[in-house]
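I have placed the structure first, in the form of structure tokens, so that the comments after it can refer back to it.
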Amino acid sequence: MAAQIDLDKCNMCGGLTEPLCVEICPDVAIRVQDGRPVVTEFLCEDCNECGCVCPDHAITVPLAKVTF
Ligand code: SF4
Ligand code: SF4
């Protein structure tokens, strides 16, 4: 698994270029594509740092894997 982003909740904090989740991810696993954040699953280590900073609570990481 990897971080899951609920695009219905995400309001694209920080604009289209550098939202908080993209900025915080230590593994560069989130990028903006077509104006929405996208997780590259094989890069994500389920640390949940993105989930902690998301102001819209739009990101969840499967609990069993959370390491942070
Ligand atoms: S859970 Fe961690 S590694 Fe995965 S996308 Fe979020 S910040 Fe990046
Ligand atoms: S941190 Fe949350 S609100 Fe901001 S772009 Fe990422 S998912 Fe959307």
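In the structure tokens, each chain is lettered A, B, ... as it comes, each chain's residues begin at 1, and ligands are numbered from 1 in order of appearance.
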
Residues up to 9 Å from ligand 1, counting only C-alpha atoms and all ligand atoms: could you list those as an MDAnalysis selection string?
chainID A and resid 2:4 21:30 38:41 43:52 59:61 66:68

Test item: residues no farther than 8 Å from ligand 2, counting only C-alpha atoms and all ligand atoms, as a PyMOL selection string:
chain A and resi 5-7+9-16+19-22+36-37+50-51+53-59

Run DSSP on the backbone and tell me which residues of chain A come out as strand (DSSP E); list them as a PyMOL selection string.
chain A and resi 4-5+30-33+36-39+59-60

Selection export as a compact mmCIF listing (two decimals), in the first residue's frame, atoms kept: N, CA and C atoms:
# COMPACT_ATOMS: atom_id res chain seq x y z
N GLN A 4 -2.91 7.25 0.50
CA GLN A 4 -4.07 7.41 -0.36
C GLN A 4 -4.57 8.85 -0.25
N ILE A 5 -4.76 9.49 -1.37
CA ILE A 5 -5.23 10.88 -1.36
C ILE A 5 -6.67 10.93 -1.84
N ILE A 30 5.30 12.09 -3.97
CA ILE A 30 4.09 12.80 -4.41
C ILE A 30 4.48 13.87 -5.42
N ARG A 31 3.75 13.91 -6.50
CA ARG A 31 3.97 14.94 -7.51
C ARG A 31 2.62 15.49 -7.94
N VAL A 32 2.65 16.63 -8.58
CA VAL A 32 1.41 17.20 -9.10
C VAL A 32 1.29 16.83 -10.57
N GLN A 33 0.18 16.22 -10.89
CA GLN A 33 -0.08 15.82 -12.28
C GLN A 33 -1.49 16.26 -12.65
N ARG A 36 -3.44 17.86 -9.81
CA ARG A 36 -3.82 17.12 -8.61
C ARG A 36 -2.61 16.34 -8.09
N PRO A 37 -2.54 16.16 -6.75
CA PRO A 37 -1.43 15.39 -6.19
C PRO A 37 -1.59 13.90 -6.48
N VAL A 38 -0.49 13.28 -6.83
CA VAL A 38 -0.51 11.86 -7.16
C VAL A 38 0.63 11.16 -6.42
N VAL A 39 0.34 10.02 -5.82
CA VAL A 39 1.36 9.25 -5.10
C VAL A 39 1.93 8.18 -6.01
N ILE A 59 -5.35 12.90 3.22
CA ILE A 59 -4.41 11.80 3.01
C ILE A 59 -4.49 10.79 4.14
N THR A 60 -4.62 9.55 3.79
CA THR A 60 -4.57 8.48 4.78
C THR A 60 -3.54 7.45 4.35

Write down as a PDB file with N, CA and C atoms, in the first residue's frame the residues belonging to chain A that are assigned helix (DSSP H, G or I) by DSSP computed on the backbone.
ATOM      1  N   LEU A  20       1.858  21.254   0.267  1.00  0.00           N
ATOM      2  CA  LEU A  20       2.540  20.770   1.468  1.00  0.00           C
ATOM      3  C   LEU A  20       2.931  19.306   1.383  1.00  0.00           C
ATOM      4  N   CYS A  21       2.059  18.491   0.845  1.00  0.00           N
ATOM      5  CA  CYS A  21       2.367  17.058   0.800  1.00  0.00           C
ATOM      6  C   CYS A  21       3.566  16.782  -0.109  1.00  0.00           C
ATOM      7  N   VAL A  22       3.647  17.514  -1.198  1.00  0.00           N
ATOM      8  CA  VAL A  22       4.779  17.343  -2.113  1.00  0.00           C
ATOM      9  C   VAL A  22       6.070  17.789  -1.427  1.00  0.00           C
ATOM     10  N   GLU A  23       5.957  18.908  -0.693  1.00  0.00           N
ATOM     11  CA  GLU A  23       7.123  19.498  -0.047  1.00  0.00           C
ATOM     12  C   GLU A  23       7.654  18.605   1.070  1.00  0.00           C
ATOM     13  N   ILE A  24       6.754  17.990   1.847  1.00  0.00           N
ATOM     14  CA  ILE A  24       7.177  17.265   3.049  1.00  0.00           C
ATOM     15  C   ILE A  24       7.678  15.857   2.753  1.00  0.00           C
ATOM     16  N   GLU A  49       3.998  11.329   6.871  1.00  0.00           N
ATOM     17  CA  GLU A  49       4.324  12.750   7.048  1.00  0.00           C
ATOM     18  C   GLU A  49       3.384  13.614   6.218  1.00  0.00           C
ATOM     19  N   CYS A  50       3.023  13.143   5.063  1.00  0.00           N
ATOM     20  CA  CYS A  50       2.086  13.906   4.224  1.00  0.00           C
ATOM     21  C   CYS A  50       0.727  14.002   4.903  1.00  0.00           C
ATOM     22  N   GLY A  51       0.297  12.904   5.513  1.00  0.00           N
ATOM     23  CA  GLY A  51      -0.987  12.914   6.205  1.00  0.00           C
ATOM     24  C   GLY A  51      -0.999  13.888   7.370  1.00  0.00           C
ATOM     25  N   CYS A  52       0.154  14.069   8.012  1.00  0.00           N
ATOM     26  CA  CYS A  52       0.240  14.977   9.158  1.00  0.00           C
ATOM     27  C   CYS A  52       0.156  16.434   8.741  1.00  0.00           C
ATOM     28  N   VAL A  53       0.631  16.771   7.566  1.00  0.00           N
ATOM     29  CA  VAL A  53       0.655  18.185   7.170  1.00  0.00           C
ATOM     30  C   VAL A  53      -0.562  18.591   6.342  1.00  0.00           C
ATOM     31  N   LEU A  63      -3.008   2.019   8.376  1.00  0.00           N
ATOM     32  CA  LEU A  63      -2.471   2.087   9.722  1.00  0.00           C
ATOM     33  C   LEU A  63      -1.418   1.044  10.024  1.00  0.00           C
ATOM     34  N   ALA A  64      -1.564  -0.129   9.522  1.00  0.00           N
ATOM     35  CA  ALA A  64      -0.637  -1.198   9.831  1.00  0.00           C
ATOM     36  C   ALA A  64       0.786  -0.880   9.385  1.00  0.00           C
ATOM     37  N   LYS A  65       0.884   0.061   8.435  1.00  0.00           N
ATOM     38  CA  LYS A  65       2.207   0.328   7.877  1.00  0.00           C
ATOM     39  C   LYS A  65       2.835   1.628   8.384  1.00  0.00           C
TER      40      LYS A  65
END
